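Scroll down for the structure; my scribbles are underneath it.
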Amino acid sequence: MIGYITRRIGQAVIVLVGVTIIVFILRHLLPGSIARAIIGPRASQLQIAAFNRQYGLNRALPLQYLSFLDQLMHGNLGYSFRLNSSVDSIVLHDLPNDVLLVGVSLVLALVIAVPVGILQAVRRNKLTDHAATGISFLLYSMPSYLLGLLLIAVFAVHLRLLPAEAPQASTITGVISDPAGLVLPIATLTLVTCALFSRYMRSSAIDSLAQDYIRTARAKGLGQGAILSRHLLRNSLIPVVTLVGISLPGILTFGLIIEELFNFPGIGLEYFNAAVNGDYPVVFGITVLVALATVTGSLLADIAYAVLDPRVRYD
Amino acid sequence: MTDAAPGKAGARHADALAVPADATADDAAARVPSGTLPEGGEGYREDVAWRMILRAFTANKLALTGLIVVAAVALFCFVGPLFWHTDQVHTNLLQVSKPPSAEHPLGTTNLGYDVLGRLMVGGQSSLEVGLAVALVATGLGVLYGVVSGFFGGVTDAILMRFVDIVLAVPIVYLFIDLASVFKPTLLLLILVLSLLSWLGPARLVRGETLSLRTREYVEAVKTMGGRPGRIIVRHLVPNTAGTIAVNATFQVADAILTLAVLSYLGFSLPPPTATWGGLLQDGVNFLYDGYWWEIYPAGLMIVLTVVAFNFIGDGLRDSLDVRLQRR
């Protein structure tokens, strides 16, 4: 297993280096140079050349890539000339808000999707199953912002129960002090994540139900409740680890859209604004960061799976 | 881990296609009208297999519903405008955001377009993009996956690492940038969405190929001196047809969804071109005014179409007995 984990980490490192190469290439393929974006459309060729020389943007591309990589290794994601602050500090400032939004939604989604999936498997092809499948199908087939819009329309516009905007304070303490504003963004992200999870949970629980140990438990006279909680739930939780790991990029993308929709002060919104304003260092810094989160997520999921499930053997 | 799971699925599926699962040859022949019975051999077996698939598919009510809905939506979008004539190019500022009336059954948008007519025209691009992306992405993915799985070893490792890399880059994010620079055309949208979608089929097909390439019939072709190209085109690809078909159906649904999300993020066909996502995007600003007809009909069309394609995909999967992990 140590061999498997080492190999898996090696792959992750290769993938990460590949990501930085792709991001670097994209940065140079996209029209609109950094200099143009910073010193404006009316800057003369001379000024642009001077800017490029000052920031090393006139060097050969492989050299530029190496210094880009060097900076990344030192934890430096770049510097936003537009906001006059480092991408690191921008990201660190918003990170608690995102941990709150994504973390709470993820936990809620699991708390809902796992029991619902098991219930569906137990009541397979009955009304409960069909109803839950139908709802998750509907959520699944809906652009995530449409769901947010519907929630806004119902709870903010018609019922006037909740604010349509996320808390507008930029710090985490400010965000927490306005819980009403958090309800709709978290609800939206929870629901789309739930739809992503519950289909998977259902089939995983159905597979587990057909296993011999469930039959053994039945045969020795264990009640339904004990079977479900002691055997089925625990065994169905193993694939959840993988599920969370591989769903991370999807959830972060949903997060971006939801942050934009509710004007939630997170990294996603920061990214959106940077992209609209042509603030390339922020855009590519956050892109690298999300890629890092994606790769780490699937790496941790694979390792956790190998550790948690003794039936899985790797050579 | 990823190597093992699709392998099992591949084995089950190949059986379903090659040999009709629960029917002997006589049994099947009895059910085929004599006039349409082909002259024995391969064609005959395939014919029976497809009939069984068709029967299983039509027996699946949800799949059939999906097919009917898709047909209805296609009719609505492509034939509808022939009967319901509206001007979807010129704005009409005298008819801005009117509620539904006899003249405009679904009201008008903030620029005075008739919503019903715009739904029809907007659906055309959604369906076209969805189908085209599914075709291109599937073609690309199948080719990539089958080559990777067939050659294995270092080739496979390199090709699959590349897939991992592209998967890890949050490409959807970059569309926001593209939006501020490019004015997308239909072709560009199809291209960009395809480049985003071929990774799924590539992984799936690679997994199936890994198990298929060890089969006896592949060994037989190799022994007879068949070149890799022949094995891939004549033997491996046809045997993954089920997986490919199911995945392609889901691809259509996903492409339509992504297209709508991209419209919302600002990466879409420029006005006055109508798109469902564009309608939604415009309507958002009027949510507070209670102009429901500018949002709900477009949202409903997107959800309806995507659900229908997902139903078809699920039905196909059941009838082909392909076990797939969607994401």
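Going by the structure tokens order, chains are called A, B, ..., each with residues numbered from 1, while ligands are numbered from 1 in the order shown.
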Compute the chain B side of the contact with chain A at 7 Å, counting only C-alpha atoms, and hand it back as a PDB file with N, CA and C atoms, in the first residue's frame.
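So part_28.pdb came out as:
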```
ATOM      1  N   ARG B 161      -2.412  10.702 -18.045  1.00  0.00           N
ATOM      2  CA  ARG B 161      -1.946  11.812 -17.211  1.00  0.00           C
ATOM      3  C   ARG B 161      -2.396  13.126 -17.829  1.00  0.00           C
ATOM      4  N   ASP B 164      -5.897  13.740 -16.910  1.00  0.00           N
ATOM      5  CA  ASP B 164      -5.953  14.210 -15.522  1.00  0.00           C
ATOM      6  C   ASP B 164      -5.635  15.695 -15.428  1.00  0.00           C
ATOM      7  N   ILE B 165      -4.603  16.095 -16.185  1.00  0.00           N
ATOM      8  CA  ILE B 165      -4.178  17.496 -16.135  1.00  0.00           C
ATOM      9  C   ILE B 165      -5.295  18.405 -16.618  1.00  0.00           C
ATOM     10  N   ALA B 168      -8.050  18.757 -14.252  1.00  0.00           N
ATOM     11  CA  ALA B 168      -7.772  19.510 -13.036  1.00  0.00           C
ATOM     12  C   ALA B 168      -7.835  21.019 -13.260  1.00  0.00           C
ATOM     13  N   VAL B 169      -7.638  21.457 -14.507  1.00  0.00           N
ATOM     14  CA  VAL B 169      -7.714  22.902 -14.767  1.00  0.00           C
ATOM     15  C   VAL B 169      -9.186  23.297 -14.786  1.00  0.00           C
ATOM     16  N   PRO B 170      -9.587  24.212 -13.936  1.00  0.00           N
ATOM     17  CA  PRO B 170     -11.000  24.608 -13.909  1.00  0.00           C
ATOM     18  C   PRO B 170     -11.340  25.433 -15.146  1.00  0.00           C
ATOM     19  N   ILE B 176     -15.029  32.907 -18.460  1.00  0.00           N
ATOM     20  CA  ILE B 176     -15.358  34.284 -18.114  1.00  0.00           C
ATOM     21  C   ILE B 176     -14.349  35.217 -18.771  1.00  0.00           C
ATOM     22  N   ASP B 177     -13.081  34.779 -18.789  1.00  0.00           N
ATOM     23  CA  ASP B 177     -12.062  35.571 -19.471  1.00  0.00           C
ATOM     24  C   ASP B 177     -12.333  35.637 -20.952  1.00  0.00           C
ATOM     25  N   SER B 180     -14.773  38.088 -22.184  1.00  0.00           N
ATOM     26  CA  SER B 180     -14.465  39.510 -22.279  1.00  0.00           C
ATOM     27  C   SER B 180     -13.618  39.801 -23.513  1.00  0.00           C
ATOM     28  N   LEU B 257     -26.815  22.163 -20.652  1.00  0.00           N
ATOM     29  CA  LEU B 257     -26.708  22.799 -19.337  1.00  0.00           C
ATOM     30  C   LEU B 257     -25.520  23.761 -19.274  1.00  0.00           C
ATOM     31  N   ALA B 260     -26.093  26.911 -21.063  1.00  0.00           N
ATOM     32  CA  ALA B 260     -26.931  27.853 -20.328  1.00  0.00           C
ATOM     33  C   ALA B 260     -26.123  28.562 -19.245  1.00  0.00           C
ATOM     34  N   VAL B 261     -25.246  27.805 -18.576  1.00  0.00           N
ATOM     35  CA  VAL B 261     -24.432  28.412 -17.522  1.00  0.00           C
ATOM     36  C   VAL B 261     -23.468  29.429 -18.128  1.00  0.00           C
ATOM     37  N   LEU B 287     -36.522  40.138 -12.133  1.00  0.00           N
ATOM     38  CA  LEU B 287     -37.106  39.214 -11.163  1.00  0.00           C
ATOM     39  C   LEU B 287     -37.920  39.987 -10.123  1.00  0.00           C
ATOM     40  N   TYR B 288     -37.367  41.110  -9.672  1.00  0.00           N
ATOM     41  CA  TYR B 288     -38.007  41.873  -8.603  1.00  0.00           C
ATOM     42  C   TYR B 288     -39.265  42.581  -9.067  1.00  0.00           C
ATOM     43  N   GLY B 299     -36.429  28.911 -18.412  1.00  0.00           N
ATOM     44  CA  GLY B 299     -35.919  27.943 -17.447  1.00  0.00           C
ATOM     45  C   GLY B 299     -36.585  26.597 -17.640  1.00  0.00           C
ATOM     46  N   VAL B 303     -34.805  22.947 -18.483  1.00  0.00           N
ATOM     47  CA  VAL B 303     -34.942  21.799 -17.585  1.00  0.00           C
ATOM     48  C   VAL B 303     -35.632  20.642 -18.305  1.00  0.00           C
ATOM     49  N   VAL B 306     -33.235  18.992 -20.827  1.00  0.00           N
ATOM     50  CA  VAL B 306     -32.145  18.263 -20.175  1.00  0.00           C
ATOM     51  C   VAL B 306     -32.678  17.007 -19.489  1.00  0.00           C
ATOM     52  N   VAL B 307     -33.819  17.143 -18.789  1.00  0.00           N
ATOM     53  CA  VAL B 307     -34.418  15.968 -18.145  1.00  0.00           C
ATOM     54  C   VAL B 307     -34.724  14.906 -19.194  1.00  0.00           C
TER      55      VAL B 307
END
```
Query raised in the report: Leaving out Gly117 (chain B) and any residue of its chain fewer than 2 positions from it, which residues lie within 7 Å of it when counting only C-alpha atoms, given as a list of chain:residue names?
Result: B:Pro81, B:Trp84, B:Thr86, B:Asp114, B:Val115, B:Leu119, B:Met120, B:Val121
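For the set A:Pro310, A:Ile258, A:Ser177, A:Asp94, the residue with the smallest atom-to-atom gap to Asn235 (chain A) is A:Pro310, counting only C-alpha atoms.
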TODO: Check the DSSP output for the backbone and give back, as an MDAnalysis selection string, the residues of region 78-135 of chain B in helix (DSSP H, G or I).
DONE: chainID B and resid 78 80:83 115:135
Selected residues written out with C-alpha atoms, as an mmCIF file, in the first residue's frame:
```
data_model
loop_
_atom_site.group_PDB
_atom_site.id
_atom_site.type_symbol
_atom_site.label_atom_id
_atom_site.label_comp_id
_atom_site.auth_asym_id
_atom_site.auth_seq_id
_atom_site.Cartn_x
_atom_site.Cartn_y
_atom_site.Cartn_z
ATOM 1 C CA PHE B 78 -37.485 24.096 -35.776
ATOM 2 C CA GLY B 80 -42.691 26.260 -34.717
ATOM 3 C CA PRO B 81 -41.260 29.448 -36.252
ATOM 4 C CA LEU B 82 -42.831 28.479 -39.589
ATOM 5 C CA PHE B 83 -46.249 28.939 -38.024
ATOM 6 C CA VAL B 115 -41.084 35.382 -25.663
ATOM 7 C CA LEU B 116 -42.818 32.427 -27.338
ATOM 8 C CA GLY B 117 -41.090 33.093 -30.645
ATOM 9 C CA ARG B 118 -37.772 33.662 -28.902
ATOM 10 C CA LEU B 119 -38.068 30.358 -27.067
ATOM 11 C CA MET B 120 -38.442 28.611 -30.422
ATOM 12 C CA VAL B 121 -35.490 30.322 -32.089
ATOM 13 C CA GLY B 122 -33.348 30.134 -28.952
ATOM 14 C CA GLY B 123 -33.909 26.412 -28.659
ATOM 15 C CA GLN B 124 -32.418 25.852 -32.088
ATOM 16 C CA SER B 125 -28.944 26.876 -30.974
ATOM 17 C CA SER B 126 -29.241 24.861 -27.739
ATOM 18 C CA LEU B 127 -30.192 21.678 -29.582
ATOM 19 C CA GLU B 128 -27.643 22.213 -32.338
ATOM 20 C CA VAL B 129 -24.831 22.869 -29.895
ATOM 21 C CA GLY B 130 -25.888 19.972 -27.659
ATOM 22 C CA LEU B 131 -25.953 17.418 -30.473
ATOM 23 C CA ALA B 132 -22.815 18.705 -32.183
ATOM 24 C CA VAL B 133 -20.842 18.728 -28.948
ATOM 25 C CA ALA B 134 -21.973 15.203 -28.122
ATOM 26 C CA LEU B 135 -20.834 14.034 -31.566
#
```
Exercise. Any idea what's packed within 6 Å of Ala253 (chain B), counting only C-alpha atoms, ignoring anything in its chain fewer than 3 positions away? Could you give it as an MDAnalysis selection string?
Worked result: chainID B and resid 250 256 306 309
